[in-house]
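run.cif follows (mmCIF, C-alpha atoms):
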data_model
#
loop_
_atom_site.group_PDB
_atom_site.id
_atom_site.type_symbol
_atom_site.label_atom_id
_atom_site.label_comp_id
_atom_site.auth_asym_id
_atom_site.auth_seq_id
_atom_site.Cartn_x
_atom_site.Cartn_y
_atom_site.Cartn_z
ATOM 1 C CA MET S 118 75.736 -100.765 -105.424
ATOM 2 C CA ILE S 119 75.803 -103.013 -102.381
ATOM 3 C CA TRP S 120 76.097 -106.760 -102.908
ATOM 4 C CA PHE S 121 75.012 -109.522 -100.549
ATOM 5 C CA GLU S 122 78.661 -110.142 -99.668
ATOM 6 C CA ASP S 123 79.063 -106.519 -98.492
ATOM 7 C CA ILE S 124 76.310 -106.717 -95.846
ATOM 8 C CA GLU S 125 77.688 -106.726 -92.283
ATOM 9 C CA ILE S 126 75.694 -108.417 -89.522
ATOM 10 C CA GLY S 127 75.062 -106.021 -86.622
ATOM 11 C CA ARG S 128 75.441 -102.885 -88.705
ATOM 12 C CA LYS S 129 73.078 -100.102 -87.633
ATOM 13 C CA THR S 130 72.005 -97.332 -89.990
ATOM 14 C CA GLU S 131 70.104 -94.208 -89.034
ATOM 15 C CA LEU S 132 67.802 -93.279 -91.900
ATOM 16 C CA GLY S 133 66.892 -89.788 -90.729
ATOM 17 C CA SER S 134 63.917 -88.052 -89.149
ATOM 18 C CA TYR S 135 60.473 -86.996 -90.290
ATOM 19 C CA THR S 136 57.944 -84.704 -88.626
ATOM 20 C CA PHE S 137 54.299 -85.711 -89.009
ATOM 21 C CA THR S 138 52.373 -82.453 -89.443
ATOM 22 C CA ALA S 139 48.594 -82.349 -89.044
ATOM 23 C CA ASP S 140 48.317 -81.536 -92.762
ATOM 24 C CA GLU S 141 50.397 -84.551 -93.803
ATOM 25 C CA ILE S 142 48.495 -86.861 -91.422
ATOM 26 C CA LYS S 143 45.166 -85.735 -92.894
ATOM 27 C CA ARG S 144 46.442 -85.889 -96.479
ATOM 28 C CA PHE S 145 47.494 -89.537 -96.113
ATOM 29 C CA ALA S 146 44.269 -90.350 -94.263
ATOM 30 C CA ARG S 147 42.065 -88.833 -96.968
ATOM 31 C CA GLN S 148 43.791 -91.070 -99.527
ATOM 32 C CA PHE S 149 44.100 -94.315 -97.578
ATOM 33 C CA ASP S 150 42.667 -94.323 -94.055
ATOM 34 C CA PRO S 151 39.777 -91.867 -93.657
ATOM 35 C CA GLN S 152 38.871 -92.648 -90.038
ATOM 36 C CA PRO S 153 37.904 -89.773 -87.715
ATOM 37 C CA PHE S 154 41.005 -89.990 -85.469
ATOM 38 C CA HIS S 155 43.242 -89.510 -88.548
ATOM 39 C CA LEU S 156 41.186 -86.646 -90.024
ATOM 40 C CA ASP S 157 39.701 -84.490 -87.304
ATOM 41 C CA GLU S 158 41.317 -83.060 -84.155
ATOM 42 C CA GLU S 159 38.098 -82.971 -82.115
ATOM 43 C CA ALA S 160 37.071 -86.559 -82.916
ATOM 44 C CA ALA S 161 40.636 -87.700 -82.282
ATOM 45 C CA LYS S 162 40.626 -86.219 -78.754
ATOM 46 C CA GLN S 163 37.752 -88.533 -77.857
ATOM 47 C CA SER S 164 39.511 -91.600 -79.287
ATOM 48 C CA HIS S 165 42.006 -93.927 -77.634
ATOM 49 C CA PHE S 166 44.771 -91.938 -79.377
ATOM 50 C CA GLY S 167 43.944 -88.767 -77.426
ATOM 51 C CA GLY S 168 44.771 -86.519 -80.386
ATOM 52 C CA LEU S 169 45.145 -86.387 -84.154
ATOM 53 C CA ALA S 170 47.192 -89.511 -84.970
ATOM 54 C CA ALA S 171 48.944 -90.758 -88.097
ATOM 55 C CA SER S 172 47.614 -93.873 -89.809
ATOM 56 C CA GLY S 173 49.839 -96.845 -89.046
ATOM 57 C CA TRP S 174 50.347 -97.280 -92.786
ATOM 58 C CA HIS S 175 51.530 -93.678 -92.960
ATOM 59 C CA THR S 176 54.140 -94.384 -90.271
ATOM 60 C CA ALA S 177 55.217 -97.440 -92.278
ATOM 61 C CA SER S 178 55.262 -95.629 -95.634
ATOM 62 C CA VAL S 179 57.532 -92.923 -94.228
ATOM 63 C CA PHE S 180 60.037 -95.661 -93.353
ATOM 64 C CA MET S 181 60.020 -96.591 -97.047
ATOM 65 C CA LYS S 182 60.409 -92.917 -98.012
ATOM 66 C CA LEU S 183 63.597 -92.608 -95.941
ATOM 67 C CA GLN S 184 64.888 -96.058 -96.905
ATOM 68 C CA SER S 185 64.394 -95.478 -100.639
ATOM 69 C CA ARG S 186 66.106 -92.085 -100.371
ATOM 70 C CA ARG S 187 69.081 -93.900 -98.908
ATOM 71 C CA ILE S 188 68.992 -96.600 -101.608
ATOM 72 C CA ASN S 189 68.965 -93.876 -104.255
ATOM 73 C CA GLU S 190 71.898 -92.089 -102.588
ATOM 74 C CA ILE S 191 73.968 -95.268 -102.524
ATOM 75 C CA GLY S 192 73.004 -95.980 -106.107
ATOM 76 C CA SER S 193 71.548 -99.326 -107.094
ATOM 77 C CA ASP S 194 71.322 -101.306 -110.310
ATOM 78 C CA VAL S 195 67.663 -101.898 -111.078
ATOM 79 C CA ARG S 196 68.549 -105.229 -112.723
ATOM 80 C CA LYS S 197 70.101 -106.509 -109.489
ATOM 81 C CA SER S 198 67.624 -105.106 -106.987
ATOM 82 C CA GLY S 199 65.723 -107.876 -105.232
ATOM 83 C CA PRO S 200 62.190 -108.086 -103.885
ATOM 84 C CA SER S 201 61.217 -108.660 -100.277
ATOM 85 C CA PRO S 202 59.961 -112.109 -99.284
ATOM 86 C CA GLY S 203 57.912 -110.402 -96.573
ATOM 87 C CA TYR S 204 57.842 -108.540 -93.295
ATOM 88 C CA LYS S 205 57.105 -109.868 -89.819
ATOM 89 C CA ASN S 206 55.763 -108.530 -86.562
ATOM 90 C CA LEU S 207 54.761 -104.989 -87.414
ATOM 91 C CA ARG S 208 53.976 -103.215 -84.159
ATOM 92 C CA TRP S 209 52.728 -99.704 -83.527
ATOM 93 C CA LEU S 210 53.846 -99.236 -79.925
ATOM 94 C CA LYS S 211 52.630 -95.691 -79.278
ATOM 95 C CA PRO S 212 50.474 -93.257 -81.241
ATOM 96 C CA VAL S 213 52.226 -90.895 -83.649
ATOM 97 C CA LEU S 214 50.509 -87.569 -82.974
ATOM 98 C CA ALA S 215 50.537 -84.378 -85.030
ATOM 99 C CA GLY S 216 53.860 -82.611 -84.481
ATOM 100 C CA ASP S 217 55.762 -85.759 -83.501
ATOM 101 C CA THR S 218 59.177 -86.284 -85.079
ATOM 102 C CA LEU S 219 60.191 -89.879 -85.725
ATOM 103 C CA THR S 220 63.739 -91.089 -86.287
ATOM 104 C CA TYR S 221 63.978 -94.347 -88.219
ATOM 105 C CA SER S 222 66.810 -96.866 -88.156
ATOM 106 C CA THR S 223 67.687 -100.335 -89.387
ATOM 107 C CA GLU S 224 69.935 -103.029 -87.944
ATOM 108 C CA ILE S 225 71.151 -106.052 -89.907
ATOM 109 C CA THR S 226 70.275 -109.087 -87.801
ATOM 110 C CA SER S 227 71.290 -111.999 -90.077
ATOM 111 C CA LYS S 228 71.780 -113.122 -93.666
ATOM 112 C CA ARG S 229 72.106 -116.308 -95.644
ATOM 113 C CA ALA S 230 72.669 -117.411 -99.218
ATOM 114 C CA LEU S 231 69.722 -119.095 -100.953
ATOM 115 C CA ALA S 232 70.476 -122.662 -102.006
ATOM 116 C CA THR S 233 67.674 -122.752 -104.549
ATOM 117 C CA ARG S 234 68.403 -119.376 -106.155
ATOM 118 C CA PRO S 235 72.198 -118.987 -106.126
ATOM 119 C CA GLN S 236 72.153 -115.495 -107.616
ATOM 120 C CA TRP S 237 70.391 -114.159 -104.498
ATOM 121 C CA GLY S 238 70.976 -113.961 -100.752
ATOM 122 C CA ILE S 239 68.430 -112.987 -98.101
ATOM 123 C CA VAL S 240 69.159 -110.294 -95.510
ATOM 124 C CA PHE S 241 67.116 -109.755 -92.338
ATOM 125 C CA LEU S 242 66.795 -106.321 -90.742
ATOM 126 C CA GLN S 243 65.132 -104.950 -87.620
ATOM 127 C CA VAL S 244 63.434 -101.655 -88.435
ATOM 128 C CA ARG S 245 62.696 -99.207 -85.619
ATOM 129 C CA ALA S 246 61.292 -95.722 -85.194
ATOM 130 C CA VAL S 247 61.516 -93.625 -82.014
ATOM 131 C CA ASN S 248 59.814 -90.309 -81.325
ATOM 132 C CA GLN S 249 61.343 -87.030 -80.084
ATOM 133 C CA ARG S 250 61.267 -88.421 -76.517
ATOM 134 C CA ASP S 251 63.246 -91.458 -77.691
ATOM 135 C CA GLU S 252 60.216 -93.683 -77.081
ATOM 136 C CA PRO S 253 59.878 -96.650 -79.475
ATOM 137 C CA VAL S 254 56.734 -96.123 -81.555
ATOM 138 C CA PHE S 255 57.036 -98.509 -84.529
ATOM 139 C CA GLU S 256 59.017 -101.622 -85.418
ATOM 140 C CA PHE S 257 59.052 -104.580 -87.763
ATOM 141 C CA GLU S 258 61.332 -107.309 -89.056
ATOM 142 C CA SER S 259 62.218 -106.796 -92.707
ATOM 143 C CA SER S 260 63.801 -109.166 -95.186
ATOM 144 C CA VAL S 261 65.114 -108.373 -98.626
ATOM 145 C CA LEU S 262 66.956 -110.199 -101.395
ATOM 146 C CA PHE S 263 70.388 -108.925 -102.447
ATOM 147 C CA ALA S 264 72.250 -110.034 -105.558
ATOM 148 C CA ARG S 265 75.375 -112.139 -104.890
ATOM 149 C CA ARG S 266 78.502 -110.783 -106.511
ATOM 150 C CA GLU S 267 80.182 -114.170 -106.713
ATOM 151 C CA THR S 268 77.386 -115.919 -108.626
ATOM 152 C CA GLN S 269 76.537 -113.121 -111.070
ATOM 153 C CA LYS S 270 77.943 -112.243 -114.415
ATOM 154 C CA ALA S 271 79.194 -108.695 -114.789
ATOM 155 C CA MET J 198 28.748 -100.275 -84.356
ATOM 156 C CA ILE J 199 30.121 -103.792 -84.022
ATOM 157 C CA TRP J 200 31.075 -105.054 -80.582
ATOM 158 C CA PHE J 201 33.539 -107.813 -79.738
ATOM 159 C CA GLU J 202 30.622 -110.119 -78.922
ATOM 160 C CA ASP J 203 29.211 -109.672 -82.454
ATOM 161 C CA ILE J 204 32.318 -110.975 -84.227
ATOM 162 C CA GLU J 205 31.805 -114.434 -85.778
ATOM 163 C CA ILE J 206 34.794 -116.747 -86.216
ATOM 164 C CA GLY J 207 35.138 -117.877 -89.830
ATOM 165 C CA ARG J 208 33.228 -114.965 -91.267
ATOM 166 C CA LYS J 209 34.610 -113.816 -94.633
ATOM 167 C CA THR J 210 34.113 -110.289 -95.947
ATOM 168 C CA GLU J 211 34.912 -109.069 -99.422
ATOM 169 C CA LEU J 212 36.082 -105.468 -99.204
ATOM 170 C CA GLY J 213 35.918 -104.625 -102.887
ATOM 171 C CA SER J 214 38.306 -104.135 -105.768
ATOM 172 C CA TYR J 215 40.841 -101.501 -106.772
ATOM 173 C CA THR J 216 42.672 -101.005 -110.056
ATOM 174 C CA PHE J 217 46.274 -99.813 -109.794
ATOM 175 C CA THR J 218 46.770 -97.369 -112.676
ATOM 176 C CA ALA J 219 50.256 -96.308 -113.753
ATOM 177 C CA ASP J 220 49.458 -92.778 -112.562
ATOM 178 C CA GLU J 221 48.428 -93.942 -109.085
ATOM 179 C CA ILE J 222 51.462 -96.230 -108.793
ATOM 180 C CA LYS J 223 53.796 -93.335 -109.655
ATOM 181 C CA ARG J 224 51.939 -90.895 -107.423
ATOM 182 C CA PHE J 225 52.362 -93.119 -104.369
ATOM 183 C CA ALA J 226 55.975 -93.848 -105.320
ATOM 184 C CA ARG J 227 56.863 -90.168 -105.632
ATOM 185 C CA GLN J 228 55.573 -89.611 -102.101
ATOM 186 C CA PHE J 229 56.833 -92.726 -100.350
ATOM 187 C CA ASP J 230 58.887 -95.145 -102.451
ATOM 188 C CA PRO J 231 60.728 -93.385 -105.301
ATOM 189 C CA GLN J 232 62.583 -96.401 -106.706
ATOM 190 C CA PRO J 233 62.924 -96.758 -110.509
ATOM 191 C CA PHE J 234 60.641 -99.824 -110.842
ATOM 192 C CA HIS J 235 57.803 -97.865 -109.174
ATOM 193 C CA LEU J 236 58.340 -94.681 -111.222
ATOM 194 C CA ASP J 237 59.473 -95.478 -114.733
ATOM 195 C CA GLU J 238 58.141 -98.071 -117.207
ATOM 196 C CA GLU J 239 61.475 -98.577 -119.012
ATOM 197 C CA ALA J 240 63.530 -99.072 -115.838
ATOM 198 C CA ALA J 241 60.822 -101.353 -114.466
ATOM 199 C CA LYS J 242 61.047 -103.641 -117.529
ATOM 200 C CA GLN J 243 64.665 -104.363 -116.676
ATOM 201 C CA SER J 244 63.877 -105.102 -113.030
ATOM 202 C CA HIS J 245 62.778 -108.377 -111.411
ATOM 203 C CA PHE J 246 59.189 -107.057 -111.592
ATOM 204 C CA GLY J 247 59.229 -107.018 -115.399
ATOM 205 C CA GLY J 248 57.019 -103.910 -115.570
ATOM 206 C CA LEU J 249 55.846 -100.872 -113.641
ATOM 207 C CA ALA J 250 54.945 -102.254 -110.201
ATOM 208 C CA ALA J 251 53.142 -100.814 -107.186
ATOM 209 C CA SER J 252 55.109 -100.247 -103.998
ATOM 210 C CA GLY J 253 54.325 -102.948 -101.458
ATOM 211 C CA TRP J 254 53.228 -100.201 -99.054
ATOM 212 C CA HIS J 255 50.815 -98.955 -101.714
ATOM 213 C CA THR J 256 49.245 -102.423 -101.961
ATOM 214 C CA ALA J 257 48.955 -102.438 -98.166
ATOM 215 C CA SER J 258 47.563 -98.891 -97.933
ATOM 216 C CA VAL J 259 44.820 -99.717 -100.431
ATOM 217 C CA PHE J 260 43.703 -102.519 -98.091
ATOM 218 C CA MET J 261 43.268 -99.833 -95.416
ATOM 219 C CA LYS J 262 41.414 -97.607 -97.889
ATOM 220 C CA LEU J 263 38.841 -100.337 -98.535
ATOM 221 C CA GLN J 264 38.694 -101.465 -94.912
ATOM 222 C CA SER J 265 38.165 -97.930 -93.568
ATOM 223 C CA ARG J 266 35.443 -97.324 -96.148
ATOM 224 C CA ARG J 267 33.690 -100.373 -94.789
ATOM 225 C CA ILE J 268 34.180 -99.247 -91.177
ATOM 226 C CA ASN J 269 32.667 -95.881 -92.072
ATOM 227 C CA GLU J 270 29.716 -97.553 -93.800
ATOM 228 C CA ILE J 271 28.961 -99.706 -90.769
ATOM 229 C CA GLY J 272 29.383 -96.702 -88.517
ATOM 230 C CA SER J 273 31.701 -96.796 -85.542
ATOM 231 C CA ASP J 274 31.941 -94.879 -82.309
ATOM 232 C CA VAL J 275 35.322 -93.190 -82.179
ATOM 233 C CA ARG J 276 35.356 -93.562 -78.381
ATOM 234 C CA LYS J 277 35.077 -97.347 -78.670
ATOM 235 C CA SER J 278 37.361 -97.945 -81.631
ATOM 236 C CA GLY J 279 40.434 -99.904 -80.607
ATOM 237 C CA PRO J 280 44.011 -99.842 -81.860
ATOM 238 C CA SER J 281 45.835 -102.743 -83.465
ATOM 239 C CA PRO J 282 48.423 -104.577 -81.383
ATOM 240 C CA GLY J 283 50.246 -105.380 -84.618
ATOM 241 C CA TYR J 284 50.322 -107.278 -87.887
ATOM 242 C CA LYS J 285 52.188 -110.456 -88.742
ATOM 243 C CA ASN J 286 53.606 -112.122 -91.808
ATOM 244 C CA LEU J 287 53.066 -109.541 -94.520
ATOM 245 C CA ARG J 288 53.830 -111.200 -97.834
ATOM 246 C CA TRP J 289 53.833 -109.782 -101.332
ATOM 247 C CA LEU J 290 53.403 -112.968 -103.349
ATOM 248 C CA LYS J 291 53.384 -111.555 -106.875
ATOM 249 C CA PRO J 292 54.075 -108.121 -108.341
ATOM 250 C CA VAL J 293 51.132 -105.733 -108.684
ATOM 251 C CA LEU J 294 51.636 -104.272 -112.151
ATOM 252 C CA ALA J 295 50.048 -101.204 -113.748
ATOM 253 C CA GLY J 296 46.498 -102.096 -114.801
ATOM 254 C CA ASP J 297 46.093 -104.943 -112.301
ATOM 255 C CA THR J 298 42.848 -105.068 -110.325
ATOM 256 C CA LEU J 299 43.081 -106.436 -106.793
ATOM 257 C CA THR J 300 40.162 -107.750 -104.760
ATOM 258 C CA TYR J 301 40.710 -107.618 -101.005
ATOM 259 C CA SER J 302 39.058 -109.764 -98.360
ATOM 260 C CA THR J 303 39.238 -110.530 -94.667
ATOM 261 C CA GLU J 304 38.458 -113.674 -92.703
ATOM 262 C CA ILE J 305 38.022 -113.783 -88.933
ATOM 263 C CA THR J 306 40.338 -116.532 -87.671
ATOM 264 C CA SER J 307 39.990 -116.233 -83.864
ATOM 265 C CA LYS J 308 39.191 -113.906 -80.974
ATOM 266 C CA ARG J 309 39.621 -113.745 -77.246
ATOM 267 C CA ALA J 310 38.753 -111.446 -74.361
ATOM 268 C CA LEU J 311 41.676 -109.677 -72.685
ATOM 269 C CA ALA J 312 42.066 -110.597 -69.022
ATOM 270 C CA THR J 313 44.142 -107.517 -68.228
ATOM 271 C CA ARG J 314 41.905 -105.002 -70.031
ATOM 272 C CA PRO J 315 38.339 -106.213 -69.579
ATOM 273 C CA GLN J 316 36.807 -103.472 -71.719
ATOM 274 C CA TRP J 317 38.575 -104.865 -74.815
ATOM 275 C CA GLY J 318 38.765 -108.097 -76.788
ATOM 276 C CA ILE J 319 41.283 -108.973 -79.491
ATOM 277 C CA VAL J 320 40.186 -110.232 -82.915
ATOM 278 C CA PHE J 321 42.508 -111.907 -85.426
ATOM 279 C CA LEU J 322 41.911 -111.659 -89.185
ATOM 280 C CA GLN J 323 43.587 -113.069 -92.278
ATOM 281 C CA VAL J 324 43.775 -110.373 -94.948
ATOM 282 C CA ARG J 325 44.162 -111.397 -98.593
ATOM 283 C CA ALA J 326 44.282 -109.753 -102.005
ATOM 284 C CA VAL J 327 43.996 -111.576 -105.334
ATOM 285 C CA ASN J 328 44.490 -110.121 -108.807
ATOM 286 C CA GLN J 329 42.177 -110.326 -111.842
ATOM 287 C CA ARG J 330 43.487 -113.849 -112.558
ATOM 288 C CA ASP J 331 42.538 -114.873 -108.993
ATOM 289 C CA GLU J 332 46.223 -115.241 -108.107
ATOM 290 C CA PRO J 333 47.081 -114.401 -104.468
ATOM 291 C CA VAL J 334 49.315 -111.309 -104.488
ATOM 292 C CA PHE J 335 49.278 -109.981 -100.909
ATOM 293 C CA GLU J 336 48.412 -111.282 -97.459
ATOM 294 C CA PHE J 337 48.945 -110.604 -93.777
ATOM 295 C CA GLU J 338 47.580 -111.519 -90.371
ATOM 296 C CA SER J 339 45.835 -108.590 -88.722
ATOM 297 C CA SER J 340 44.738 -108.111 -85.143
ATOM 298 C CA VAL J 341 42.536 -105.383 -83.754
ATOM 299 C CA LEU J 342 40.943 -104.531 -80.425
ATOM 300 C CA PHE J 343 37.144 -104.326 -80.218
ATOM 301 C CA ALA J 344 35.192 -102.887 -77.303
ATOM 302 C CA ARG J 345 33.252 -105.453 -75.261
ATOM 303 C CA ARG J 346 29.595 -104.663 -74.878
ATOM 304 C CA GLU J 347 29.221 -106.530 -71.618
ATOM 305 C CA THR J 348 31.986 -104.691 -69.753
ATOM 306 C CA GLN J 349 31.241 -101.165 -71.001
ATOM 307 C CA LYS J 350 28.924 -98.513 -69.738
ATOM 308 C CA ALA J 351 26.472 -97.154 -72.253
#

What does this structure look like when you write it as structure tokens?
Amino acid sequence: MIWFEDIEIGRKTELGSYTFTADEIKRFARQFDPQPFHLDEEAAKQSHFGGLAASGWHTASVFMKLQSRRINEIGSDVRKSGPSPGYKNLRWLKPVLAGDTLTYSTEITSKRALATRPQWGIVFLQVRAVNQRDEPVFEFESSVLFARRETQKA
Amino acid sequence: MIWFEDIEIGRKTELGSYTFTADEIKRFARQFDPQPFHLDEEAAKQSHFGGLAASGWHTASVFMKLQSRRINEIGSDVRKSGPSPGYKNLRWLKPVLAGDTLTYSTEITSKRALATRPQWGIVFLQVRAVNQRDEPVFEFESSVLFARRETQKA
């Protein structure tokens, strides 16, 4: 597992790519965001998106899909896995249309130990997704708690 | 449909309630956030959540489920439905555990016409969810574009 002390400021990680098919866009929309421009090609053409577009929460959830795959690959100890204090400045910069392939990445922007909770440190990350034309389409500032090796018992 | 001019500052809307069953929590997690504390009761007990907990993106997506249901009830014109410039300060304040029922609400906090795009105005909302003990569990600041009646053709 990765401890707070192991996190390097400035480190960039590419999480992989994901293609948003029309079927997947509609499947998510039926569950969580059943608006016409996420469900129906013809209605979507008349909307500001100009075509069948993924729900913004779908774009965000796919980040988590790729990020959690990576966490599982690295291996983490469920007893030392910290929550997120919150996310800032989520922006959907361009529509994600059916057939688009997004590539997601993270960059560590800063970190600090928590004075009040010495077993944890907080790490800040910039999350980004670009489409197949390398255009930025989605971004937000993430934060997550990591266990501190030096203040934990084995 | 609701135009920018119709939006009242301070207006609160209750969007309804949703119970997060263990099955639904695991179903979302398998698709988008397959970490042990979202998938497995025993692993979750050992985690900081203390029990099977919904993915934060699941909690957020259910907001959209309730909000889009409301949008569909009111009726909206897909040609005049605006995108969101972004969301700020998403915070998951307490875990959402299997069996919890969340009640979601919105409050209009401000609005302004856009000088550069006279057919649109921007509306800011505070989104909140409380659990069955009335404890705040999730919140964020939303913004969304609404078409302006007075600058649009029929």

Per-residue nearest contacts of chain J to chain S (8 Å; all atoms listed in the file) as JSON lines:
{"residue": "J:Gln228", "atom": "CA", "partner": "S:Lys182", "partner_atom": "CA", "distance": 7.1}
{"residue": "J:Phe229", "atom": "CA", "partner": "S:Lys182", "partner_atom": "CA", "distance": 4.3}
{"residue": "J:Asp230", "atom": "CA", "partner": "S:Lys182", "partner_atom": "CA", "distance": 5.2}
{"residue": "J:Pro231", "atom": "CA", "partner": "S:Ser185", "partner_atom": "CA", "distance": 6.3}
{"residue": "J:Gln232", "atom": "CA", "partner": "S:Ser185", "partner_atom": "CA", "distance": 6.4}
{"residue": "J:Pro233", "atom": "CA", "partner": "S:Val195", "partner_atom": "CA", "distance": 7.0}
{"residue": "J:Phe234", "atom": "CA", "partner": "S:Val195", "partner_atom": "CA", "distance": 7.3}
{"residue": "J:Ala240", "atom": "CA", "partner": "S:Val195", "partner_atom": "CA", "distance": 6.9}
{"residue": "J:Ala241", "atom": "CA", "partner": "S:Val195", "partner_atom": "CA", "distance": 7.7}
{"residue": "J:Gln243", "atom": "CA", "partner": "S:Arg196", "partner_atom": "CA", "distance": 5.6}
{"residue": "J:Ser244", "atom": "CA", "partner": "S:Arg196", "partner_atom": "CA", "distance": 4.7}
{"residue": "J:His245", "atom": "CA", "partner": "S:Arg196", "partner_atom": "CA", "distance": 6.7}
{"residue": "J:Trp254", "atom": "CA", "partner": "S:Ser178", "partner_atom": "CA", "distance": 6.1}
{"residue": "J:Ala257", "atom": "CA", "partner": "S:Trp174", "partner_atom": "CA", "distance": 7.6}
{"residue": "J:Ser258", "atom": "CA", "partner": "S:Phe149", "partner_atom": "CA", "distance": 5.7}
{"residue": "J:Val259", "atom": "CA", "partner": "S:Phe149", "partner_atom": "CA", "distance": 6.2}
{"residue": "J:Met261", "atom": "CA", "partner": "S:Asp150", "partner_atom": "CA", "distance": 5.7}
{"residue": "J:Lys262", "atom": "CA", "partner": "S:Phe149", "partner_atom": "CA", "distance": 4.3}
{"residue": "J:Ser265", "atom": "CA", "partner": "S:Asp150", "partner_atom": "CA", "distance": 5.8}
{"residue": "J:Arg266", "atom": "CA", "partner": "S:Pro151", "partner_atom": "CA", "distance": 7.4}
{"residue": "J:Asn269", "atom": "CA", "partner": "S:Gln152", "partner_atom": "CA", "distance": 7.3}
{"residue": "J:Val275", "atom": "CA", "partner": "S:Ser164", "partner_atom": "CA", "distance": 5.3}
{"residue": "J:Arg276", "atom": "CA", "partner": "S:Ser164", "partner_atom": "CA", "distance": 4.7}
{"residue": "J:Lys277", "atom": "CA", "partner": "S:Ser164", "partner_atom": "CA", "distance": 7.3}
{"residue": "J:Ser278", "atom": "CA", "partner": "S:Ser164", "partner_atom": "CA", "distance": 7.1}
{"residue": "J:Gly279", "atom": "CA", "partner": "S:His165", "partner_atom": "CA", "distance": 6.9}
{"residue": "J:Pro280", "atom": "CA", "partner": "S:His165", "partner_atom": "CA", "distance": 7.5}
{"residue": "J:Ser281", "atom": "CA", "partner": "S:Trp209", "partner_atom": "CA", "distance": 7.5}
{"residue": "J:Pro282", "atom": "CA", "partner": "S:Arg208", "partner_atom": "CA", "distance": 6.4}
{"residue": "J:Gly283", "atom": "CA", "partner": "S:Arg208", "partner_atom": "CA", "distance": 4.3}
{"residue": "J:Tyr284", "atom": "CA", "partner": "S:Leu207", "partner_atom": "CA", "distance": 5.0}
{"residue": "J:Lys285", "atom": "CA", "partner": "S:Asn206", "partner_atom": "CA", "distance": 4.6}
{"residue": "J:Asn286", "atom": "CA", "partner": "S:Lys205", "partner_atom": "CA", "distance": 4.6}
{"residue": "J:Leu287", "atom": "CA", "partner": "S:Tyr204", "partner_atom": "CA", "distance": 5.0}
{"residue": "J:Arg288", "atom": "CA", "partner": "S:Gly203", "partner_atom": "CA", "distance": 4.3}
{"residue": "J:Trp289", "atom": "CA", "partner": "S:Gly203", "partner_atom": "CA", "distance": 6.3}
{"residue": "J:Leu290", "atom": "CA", "partner": "S:Pro202", "partner_atom": "CA", "distance": 7.8}

Since we have the selection now, will you write its residues out, keeping C-alpha atoms, as a PDB file, in the coordinates of the input?
ATOM      1  CA  GLN J 228      55.573 -89.611-102.101  1.00  0.00           C
ATOM      2  CA  PHE J 229      56.833 -92.726-100.350  1.00  0.00           C
ATOM      3  CA  ASP J 230      58.887 -95.145-102.451  1.00  0.00           C
ATOM      4  CA  PRO J 231      60.728 -93.385-105.301  1.00  0.00           C
ATOM      5  CA  GLN J 232      62.583 -96.401-106.706  1.00  0.00           C
ATOM      6  CA  PRO J 233      62.924 -96.758-110.509  1.00  0.00           C
ATOM      7  CA  PHE J 234      60.641 -99.824-110.842  1.00  0.00           C
ATOM      8  CA  ALA J 240      63.530 -99.072-115.838  1.00  0.00           C
ATOM      9  CA  ALA J 241      60.822-101.353-114.466  1.00  0.00           C
ATOM     10  CA  GLN J 243      64.665-104.363-116.676  1.00  0.00           C
ATOM     11  CA  SER J 244      63.877-105.102-113.030  1.00  0.00           C
ATOM     12  CA  HIS J 245      62.778-108.377-111.411  1.00  0.00           C
ATOM     13  CA  TRP J 254      53.228-100.201 -99.054  1.00  0.00           C
ATOM     14  CA  ALA J 257      48.955-102.438 -98.166  1.00  0.00           C
ATOM     15  CA  SER J 258      47.563 -98.891 -97.933  1.00  0.00           C
ATOM     16  CA  VAL J 259      44.820 -99.717-100.431  1.00  0.00           C
ATOM     17  CA  MET J 261      43.268 -99.833 -95.416  1.00  0.00           C
ATOM     18  CA  LYS J 262      41.414 -97.607 -97.889  1.00  0.00           C
ATOM     19  CA  SER J 265      38.165 -97.930 -93.568  1.00  0.00           C
ATOM     20  CA  ARG J 266      35.443 -97.324 -96.148  1.00  0.00           C
ATOM     21  CA  ASN J 269      32.667 -95.881 -92.072  1.00  0.00           C
ATOM     22  CA  VAL J 275      35.322 -93.190 -82.179  1.00  0.00           C
ATOM     23  CA  ARG J 276      35.356 -93.562 -78.381  1.00  0.00           C
ATOM     24  CA  LYS J 277      35.077 -97.347 -78.670  1.00  0.00           C
ATOM     25  CA  SER J 278      37.361 -97.945 -81.631  1.00  0.00           C
ATOM     26  CA  GLY J 279      40.434 -99.904 -80.607  1.00  0.00           C
ATOM     27  CA  PRO J 280      44.011 -99.842 -81.860  1.00  0.00           C
ATOM     28  CA  SER J 281      45.835-102.743 -83.465  1.00  0.00           C
ATOM     29  CA  PRO J 282      48.423-104.577 -81.383  1.00  0.00           C
ATOM     30  CA  GLY J 283      50.246-105.380 -84.618  1.00  0.00           C
ATOM     31  CA  TYR J 284      50.322-107.278 -87.887  1.00  0.00           C
ATOM     32  CA  LYS J 285      52.188-110.456 -88.742  1.00  0.00           C
ATOM     33  CA  ASN J 286      53.606-112.122 -91.808  1.00  0.00           C
ATOM     34  CA  LEU J 287      53.066-109.541 -94.520  1.00  0.00           C
ATOM     35  CA  ARG J 288      53.830-111.200 -97.834  1.00  0.00           C
ATOM     36  CA  TRP J 289      53.833-109.782-101.332  1.00  0.00           C
ATOM     37  CA  LEU J 290      53.403-112.968-103.349  1.00  0.00           C
TER      38      LEU J 290
END

**Message:** Using Å and a single decimal, report how far CA of Phe137 (chain S) sits from CA of Glu158 (chain S).
**Reply:**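 CA of Phe137 (chain S) lies 14.1 Å from CA of Glu158 (chain S).
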
**Prompt:** So what do you get for CA of Phe241 (chain S) versus CA of Ser260 (chain S), distance-wise?
**Reply:**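 These atoms are spaced 4.4 Å apart.
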